file coords02.cif (mmCIF, C-alpha atoms and all ligand atoms)
data_data
#
loop_
_atom_site.label_atom_id
_atom_site.label_comp_id
_atom_site.auth_asym_id
_atom_site.auth_seq_id
_atom_site.Cartn_x
_atom_site.Cartn_y
_atom_site.Cartn_z
CA MET X 1 -6.70 -8.22 24.65
CA ILE X 2 -7.51 -5.62 22.00
CA SER X 3 -10.18 -3.04 22.90
CA ILE X 4 -12.41 -1.72 20.16
CA PRO X 5 -14.58 1.35 20.89
CA ALA X 6 -18.32 0.64 20.61
CA THR X 7 -18.71 3.13 17.74
CA ILE X 8 -16.13 1.29 15.61
CA TRP X 9 -17.35 -2.17 16.67
CA ASP X 10 -20.92 -1.27 15.76
CA ASP X 11 -19.89 0.36 12.52
CA MET X 12 -18.10 -2.81 11.40
CA ILE X 13 -21.34 -4.72 11.95
CA ALA X 14 -23.29 -1.99 10.14
CA HIS X 15 -20.77 -2.18 7.28
CA ALA X 16 -21.16 -5.96 7.06
CA ARG X 17 -24.96 -5.65 7.08
CA GLU X 18 -25.01 -2.92 4.44
CA LEU X 19 -23.03 -5.07 2.02
CA ASP X 20 -24.63 -8.42 2.91
CA PRO X 21 -24.65 -10.78 0.95
CA HIS X 22 -21.35 -9.32 -0.28
CA GLU X 23 -18.34 -9.45 2.02
CA CYS X 24 -17.23 -6.10 3.41
CA CYS X 25 -13.62 -5.27 4.27
CA GLY X 26 -11.59 -2.62 6.02
CA VAL X 27 -8.70 -1.72 8.26
CA LEU X 28 -8.46 -0.72 11.93
CA ALA X 29 -5.53 0.85 13.74
CA GLY X 30 -4.63 2.04 17.18
CA LYS X 31 -1.95 1.80 19.81
CA ASP X 32 -1.28 0.20 23.18
CA GLY X 33 -3.99 -2.39 22.65
CA VAL X 34 -6.72 0.16 21.92
CA ILE X 35 -8.18 0.68 18.46
CA SER X 36 -8.85 4.31 17.54
CA ALA X 37 -9.24 4.46 13.76
CA GLN X 38 -11.35 2.60 11.23
CA TYR X 39 -11.19 2.69 7.43
CA ARG X 40 -13.92 1.11 5.34
CA ILE X 41 -12.32 -0.22 2.15
CA THR X 42 -14.18 -1.13 -1.04
CA ASN X 43 -14.36 -4.83 -1.92
CA ILE X 44 -13.55 -4.62 -5.64
CA LEU X 45 -14.21 -8.28 -6.38
CA ALA X 46 -17.69 -7.88 -7.92
CA SER X 47 -16.30 -5.38 -10.43
CA MET X 48 -13.39 -7.57 -11.51
CA THR X 49 -13.34 -9.18 -14.95
CA GLU X 50 -12.55 -12.86 -15.52
CA ASP X 51 -9.19 -11.82 -16.93
CA GLU X 52 -8.40 -9.93 -13.75
CA LEU X 53 -9.53 -12.85 -11.58
CA THR X 54 -7.25 -15.20 -13.50
CA THR X 55 -4.23 -13.08 -12.69
CA PHE X 56 -5.13 -12.85 -9.01
CA PHE X 57 -6.36 -16.18 -7.67
CA GLU X 58 -4.84 -19.63 -7.63
CA LYS X 59 -6.55 -22.31 -9.70
CA GLY X 60 -8.60 -23.87 -6.89
CA LYS X 61 -10.22 -20.65 -5.71
CA LEU X 62 -10.50 -19.46 -9.29
CA SER X 63 -12.66 -22.35 -10.39
CA ASP X 64 -14.97 -21.72 -7.41
CA LEU X 65 -15.29 -18.08 -8.39
CA LYS X 66 -15.64 -18.57 -12.13
CA ASN X 67 -18.74 -20.67 -11.57
CA LEU X 68 -20.43 -17.64 -10.00
CA SER X 69 -21.70 -14.38 -11.44
CA PRO X 70 -19.45 -11.37 -10.69
CA ASP X 71 -22.00 -10.24 -8.13
CA GLU X 72 -22.07 -13.61 -6.38
CA ARG X 73 -18.28 -13.76 -6.24
CA ALA X 74 -18.22 -10.97 -3.67
CA ASP X 75 -20.43 -13.16 -1.45
CA ILE X 76 -17.56 -15.56 -0.81
CA ALA X 77 -14.45 -13.42 -1.08
CA PHE X 78 -13.02 -9.92 -0.95
CA ILE X 79 -10.19 -7.96 -2.49
CA MET X 80 -9.38 -4.59 -0.96
CA ASP X 81 -9.15 -1.58 -3.25
CA THR X 82 -5.41 -0.87 -3.30
CA MET X 83 -5.69 2.93 -3.52
CA GLU X 84 -7.99 3.09 -0.49
CA PHE X 85 -5.76 0.65 1.37
CA SER X 86 -2.64 2.71 0.69
CA SER X 87 -4.42 5.92 1.73
CA ALA X 88 -5.43 4.24 4.98
CA VAL X 89 -1.84 3.12 5.60
CA LYS X 90 -0.62 6.65 4.95
CA ASP X 91 -3.13 8.08 7.41
CA ILE X 92 -2.21 5.45 10.02
CA ARG X 93 1.45 6.44 9.70
CA GLN X 94 0.67 10.16 9.90
CA LYS X 95 -1.34 9.60 13.08
CA GLU X 96 1.54 7.50 14.45
CA LEU X 97 -0.78 4.57 15.02
CA THR X 98 0.02 0.90 14.63
CA LEU X 99 -1.80 -2.30 15.73
CA PRO X 100 -3.23 -2.86 12.26
CA ILE X 101 -6.24 -5.12 11.95
CA PHE X 102 -7.60 -6.21 8.57
CA TYR X 103 -11.30 -6.93 8.89
CA HIS X 104 -13.83 -8.58 6.60
CA SER X 105 -17.20 -10.27 6.89
CA HIS X 106 -18.38 -13.83 6.34
CA THR X 107 -22.00 -13.52 5.39
CA SER X 108 -22.93 -17.18 5.71
CA SER X 109 -20.08 -18.90 7.51
CA PRO X 110 -18.53 -18.76 10.99
CA ALA X 111 -16.10 -16.09 12.21
CA ARG X 112 -12.95 -18.07 11.55
CA PRO X 113 -10.37 -17.76 8.81
CA SER X 114 -10.98 -19.83 5.70
CA GLU X 115 -8.17 -21.56 3.81
CA THR X 116 -8.11 -18.63 1.39
CA ASP X 117 -7.92 -16.15 4.30
CA ILE X 118 -4.91 -18.00 5.69
CA LYS X 119 -3.22 -18.35 2.33
CA LYS X 120 -3.64 -14.67 1.46
CA ALA X 121 -2.51 -13.62 4.95
CA MET X 122 0.65 -15.69 4.54
CA ASP X 123 1.27 -14.21 1.08
CA PHE X 124 1.14 -10.74 2.63
CA GLU X 125 3.36 -11.89 5.49
CA THR X 126 6.23 -12.65 3.10
CA MET X 127 6.15 -9.05 1.84
CA ARG X 128 5.24 -6.86 4.80
CA GLU X 129 8.40 -6.91 6.91
CA LYS X 130 10.50 -5.48 4.10
CA LEU X 131 7.89 -2.75 3.72
CA ASN X 132 8.23 -1.90 7.40
CA PHE X 133 4.54 -2.67 7.87
CA PRO X 134 3.63 -3.89 11.37
CA GLU X 135 2.29 -7.41 11.77
CA PRO X 136 -1.50 -7.33 11.33
CA ARG X 137 -4.26 -9.22 13.09
CA HIS X 138 -7.27 -10.45 11.13
CA LEU X 139 -10.81 -9.83 12.32
CA ILE X 140 -13.91 -11.50 10.95
CA ILE X 141 -17.51 -10.39 11.36
CA SER X 142 -19.82 -13.36 10.87
CA LEU X 143 -23.41 -12.79 9.81
CA GLU X 144 -24.10 -16.51 9.74
CA GLU X 145 -26.84 -15.82 12.27
CA LYS X 146 -28.19 -12.54 10.96
CA SER X 147 -29.56 -11.29 14.28
CA HIS X 148 -26.43 -12.32 16.23
CA PRO X 149 -23.32 -11.05 14.48
CA VAL X 150 -20.14 -12.61 15.87
CA ILE X 151 -16.77 -10.86 15.84
CA ARG X 152 -13.51 -12.73 16.38
CA ALA X 153 -9.90 -11.81 15.69
CA TYR X 154 -6.90 -13.96 14.85
CA HIS X 155 -3.16 -13.92 14.60
CA ILE X 156 -2.18 -15.85 11.50
CA GLN X 157 1.35 -17.21 11.55
CA ASN X 158 3.02 -20.15 9.82
CA SER X 159 -0.32 -20.96 8.16
CA LEU X 160 -1.99 -21.38 11.55
CA SER X 161 -4.53 -19.06 13.10
CA THR X 162 -4.73 -18.37 16.83
CA GLU X 163 -7.62 -16.45 18.29
CA VAL X 164 -6.79 -13.05 19.79
CA PRO X 165 -9.32 -11.76 22.34
CA VAL X 166 -11.12 -8.57 21.35
CA GLN X 167 -13.67 -6.63 23.36
CA ARG X 168 -16.24 -3.94 22.61
CA GLN X 169 -15.66 -0.96 24.83
CA MET D 1 20.90 -3.04 -9.88
CA ILE D 2 17.44 -2.88 -8.39
CA THR D 3 16.11 -5.61 -6.12
CA VAL D 4 12.57 -6.66 -6.93
CA ARG D 5 10.48 -8.57 -4.41
CA ILE D 6 8.10 -11.01 -6.02
CA PRO D 7 4.92 -12.06 -4.16
CA THR D 8 4.15 -15.77 -3.67
CA PRO D 9 1.48 -15.97 -6.42
CA LEU D 10 3.95 -14.69 -9.06
CA ARG D 11 6.92 -16.83 -8.00
CA PRO D 12 6.11 -19.66 -10.42
CA MET D 13 7.11 -17.13 -13.12
CA THR D 14 10.50 -16.37 -11.54
CA GLY D 15 11.54 -19.97 -11.01
CA GLY D 16 10.31 -19.82 -7.41
CA LYS D 17 12.50 -16.84 -6.50
CA GLY D 18 11.15 -14.26 -4.04
CA GLU D 19 13.75 -11.70 -5.06
CA VAL D 20 15.20 -10.95 -8.45
CA GLU D 21 17.53 -8.25 -9.69
CA ALA D 22 16.75 -6.02 -12.63
CA THR D 23 17.59 -2.66 -14.12
CA GLY D 24 15.44 0.23 -15.26
CA GLY D 25 15.31 4.00 -15.01
CA SER D 26 11.63 3.94 -14.07
CA VAL D 27 9.11 1.46 -12.71
CA LEU D 28 7.73 0.95 -16.22
CA GLU D 29 11.17 0.24 -17.66
CA LEU D 30 11.87 -2.14 -14.80
CA ILE D 31 8.65 -4.07 -15.49
CA ASP D 32 9.57 -4.30 -19.18
CA HIS D 33 13.02 -5.62 -18.30
CA LEU D 34 11.52 -8.10 -15.84
CA ASN D 35 9.19 -9.31 -18.55
CA GLY D 36 12.19 -9.91 -20.81
CA ALA D 37 13.73 -12.24 -18.22
CA HIS D 38 10.40 -13.72 -17.06
CA PRO D 39 7.97 -13.62 -19.99
CA GLY D 40 4.36 -13.11 -18.97
CA LEU D 41 5.16 -11.32 -15.73
CA LYS D 42 4.11 -7.92 -17.11
CA ASP D 43 0.66 -9.26 -17.91
CA ARG D 44 0.18 -10.18 -14.30
CA ILE D 45 1.19 -6.71 -13.12
CA CYS D 46 -0.25 -4.44 -15.82
CA ASP D 47 -3.49 -4.39 -17.82
CA GLU D 48 -3.73 -4.13 -21.64
CA GLN D 49 -3.31 -0.35 -21.44
CA GLY D 50 -0.05 -0.85 -19.57
CA GLU D 51 -1.46 0.56 -16.34
CA VAL D 52 -0.65 -1.17 -13.07
CA ARG D 53 -3.58 -3.44 -12.24
CA ARG D 54 -5.87 -2.06 -9.56
CA PHE D 55 -5.29 -5.04 -7.28
CA ILE D 56 -1.49 -4.72 -7.35
CA ASN D 57 0.49 -2.28 -5.23
CA ILE D 58 4.02 -1.42 -6.23
CA TYR D 59 6.27 0.07 -3.60
CA VAL D 60 9.59 1.74 -4.22
CA ASN D 61 11.44 1.21 -0.97
CA GLU D 62 8.52 1.79 1.44
CA GLU D 63 6.42 4.19 -0.64
CA ASP D 64 3.45 3.25 -2.85
CA ILE D 65 4.18 4.51 -6.38
CA ARG D 66 0.64 5.95 -6.49
CA PHE D 67 1.91 8.59 -4.06
CA LEU D 68 5.07 9.11 -6.15
CA THR D 69 4.71 9.47 -9.92
CA GLY D 70 3.08 6.13 -10.68
CA LYS D 71 4.74 3.89 -13.22
CA GLU D 72 6.96 6.83 -14.29
CA THR D 73 8.51 6.85 -10.79
CA PRO D 74 12.28 7.07 -11.34
CA LEU D 75 14.52 4.35 -9.97
CA LYS D 76 18.16 4.45 -9.00
CA ASP D 77 20.77 1.84 -8.27
CA GLY D 78 20.11 0.13 -4.93
CA ASP D 79 16.37 0.85 -4.84
CA GLU D 80 14.07 -1.94 -3.70
CA VAL D 81 10.82 -2.51 -5.50
CA SER D 82 8.06 -4.67 -3.98
CA ILE D 83 5.12 -6.02 -5.93
CA VAL D 84 2.32 -6.61 -3.43
CA PRO D 85 -1.12 -8.02 -4.30
CA ALA D 86 -4.13 -6.42 -2.62
CA ILE D 87 -5.23 -7.66 0.78
CA ALA D 88 -7.72 -10.41 0.06
CA GLY D 89 -9.48 -13.41 1.49
CA GLY D 90 -12.63 -15.38 1.29
CA SER D 91 -14.94 -17.78 2.99
CA HIS D 92 -16.02 -21.30 2.05
CA GLY D 93 -12.54 -22.66 1.45
ZN ZN A 201 -12.73 -14.80 5.11
#

call {"tool": "encode", "arguments": {"input": "coords02.cif", "output": "structure tokens", "more": "lines below"}}
Ligand SMILES: [Zn+2]
result
Amino acid sequence: MISIPATIWDDMIAHARELDPHECCGVLAGKDGVISAQYRITNILASMTEDELTTFFEKGKLSDLKNLSPDERADIAFIMDTMEFSSAVKDIRQKELTLPIFYHSHTSSPARPSETDIKKAMDFETMREKLNFPEPRHLIISLEEKSHPVIRAYHIQNSLSTEVPVQRQ
Amino acid sequence: MITVRIPTPLRPMTGGKGEVEATGGSVLELIDHLNGAHPGLKDRICDEQGEVRRFINIYVNEEDIRFLTGKETPLKDGDEVSIVPAIAGGSHG
């Protein structure tokens, strides 16, 4: 069980609502099963050019995205700003925290990892151990039902996701 | 020699290899050398101005080069360089 303080839990929902219909994203960290830090990270997808998209996404996802306007692309995907992400990681290390959670919102689908979520999580998995980065969990805020946001977290391993219980505290 | 870790999306350009060896006195030189052995790789890492793309992180050992001296970051024999795409995901497939 991972405990998330009410202030951080509620701020993730606020973050998702502020950016709706775009997906929001961010990072949480803590220790001993309790989250204590949150970092909102910019979703840079809407500001990416077609050329940039082509170098980032595989063909399948790319054709989905290319059919949309740049603004609409951020409705169905996110890419974390790398500078903000690295600053967050630096701060997490300075505070001697771990338990990293990558969070993002689904504005019109359930709180479970999509194929792209799983694929990108596995891509990161092949790199992170060598970087001495602790194994993350993935949390999704669903705004499918706007008045009833749903938060669920997952451990993604070997291309499979297993739900990890989280509670607002 | 410097060990370079290649992320999954770029492995088609390195014949499927997740690690390649290269030389270079700086990150920029290393990328140029990599591009010699694996043409097109630089394009995926750097934009037209030669700057590292904003959705790519490059780490020398465990440090992001943005906190070192960017693409001018010096490299020495035995260093490990990791090319890591930004954290990303999506919904609807
Ligand atoms: Zn997702």

call {"tool": "residues_near_ligand", "arguments": {"input": "coords02.cif", "ligand": "ligand ZN 201 (chain A)", "cutoff": "12 Å", "atoms": "only C-alpha atoms and all ligand atoms", "output": "PyMOL selection string"}}
result
(chain X and resi 22-25+74-79+102-121+138-143+152-154) or (chain D and resi 87-93)

call {"tool": "residues_near_point", "arguments": {"input": "coords02.cif", "point": "(3.0, 2.6, -12.1)", "cutoff": "6 Å", "atoms": "all atoms listed in the file", "output": "PyMOL selection string"}}
result
chain D and resi 52+70-71

call {"tool": "interface_residues", "arguments": {"input": "coords02.cif", "of": "chain D", "to": "chain X", "cutoff": "12 Å", "atoms": "only C-alpha atoms", "output": "PyMOL selection string"}}
result
chain D and resi 3-12+18-19+40-48+52-67+70+80-93

call {"tool": "atom_distance", "arguments": {"input": "coords02.cif", "atom1": "CA of Ala37 (chain X)", "atom2": "CA of Ile2 (chain X)"}}
result
13.1 Å

call {"tool": "closest_residue", "arguments": {"input": "coords02.cif", "among": "D:Ala22, D:Leu34, D:Val27, D:Ile2", "to": "Thr69 (chain D)", "atoms": "only C-alpha atoms"}}
result
D:Val27

call {"tool": "atom_distance", "arguments": {"input": "coords02.cif", "atom1": "CA of Glu145 (chain X)", "atom2": "CA of Ala16 (chain X)"}}
result
12.5 Å

call {"tool": "residues_near_point", "arguments": {"input": "coords02.cif", "point": "(-4.7, -5.9, 12.2)", "cutoff": "6 Å", "atoms": "all atoms listed in the file", "output": "PyMOL selection string"}}
result
chain X and resi 99-102+136-138

call {"tool": "write_last_selection", "arguments": {"input": "coords02.cif", "atoms": "C-alpha atoms", "output": "compact mmCIF listing (two decimals), in the frame of the given file"}}
result
# COMPACT_ATOMS: atom_id res chain seq x y z
CA LEU X 99 -1.80 -2.30 15.73
CA PRO X 100 -3.23 -2.86 12.26
CA ILE X 101 -6.24 -5.12 11.95
CA PHE X 102 -7.60 -6.21 8.57
CA PRO X 136 -1.50 -7.33 11.33
CA ARG X 137 -4.26 -9.22 13.09
CA HIS X 138 -7.27 -10.45 11.13

call {"tool": "closest_residue", "arguments": {"input": "coords02.cif", "among": "X:Met1, X:Ile156, X:Ala88, X:Leu97", "to": "Lys31 (chain X)", "atoms": "all atoms listed in the file"}}
result
X:Leu97

call {"tool": "closest_residue", "arguments": {"input": "coords02.cif", "among": "D:Leu75, D:Leu68, D:Leu28, D:Ala37", "to": "Thr14 (chain D)", "atoms": "only C-alpha atoms"}}
result
D:Ala37

call {"tool": "atom_distance", "arguments": {"input": "coords02.cif", "atom1": "CA of Met12 (chain X)", "atom2": "CA of Lys66 (chain X)"}}
result
28.4 Å

call {"tool": "closest_residue", "arguments": {"input": "coords02.cif", "among": "X:Glu18, X:Glu72, X:Ala29, X:His148", "to": "Lys95 (chain X)", "atoms": "all atoms listed in the file"}}
result
X:Ala29

call {"tool": "closest_residue", "arguments": {"input": "coords02.cif", "among": "X:Pro134, X:Gly33, X:Pro149, X:Pro70", "to": "Ser3 (chain X)", "atoms": "all atoms listed in the file"}}
result
X:Gly33

call {"tool": "closest_residue", "arguments": {"input": "coords02.cif", "among": "D:Glu51, D:Glu72, D:His38, D:Ile31", "to": "Gly16 (chain D)", "atoms": "only C-alpha atoms"}}
result
D:His38

call {"tool": "axis_aligned_box", "arguments": {"input": "coords02.cif", "around": "region 15-29 of chain X", "padding_each_side": "3 Å", "output": "AutoDock Vina command-line options"}}
result
--center_x -15.3 --center_y -5.0 --center_z 6.7 --size_x 25.5 --size_y 17.6 --size_z 20.0
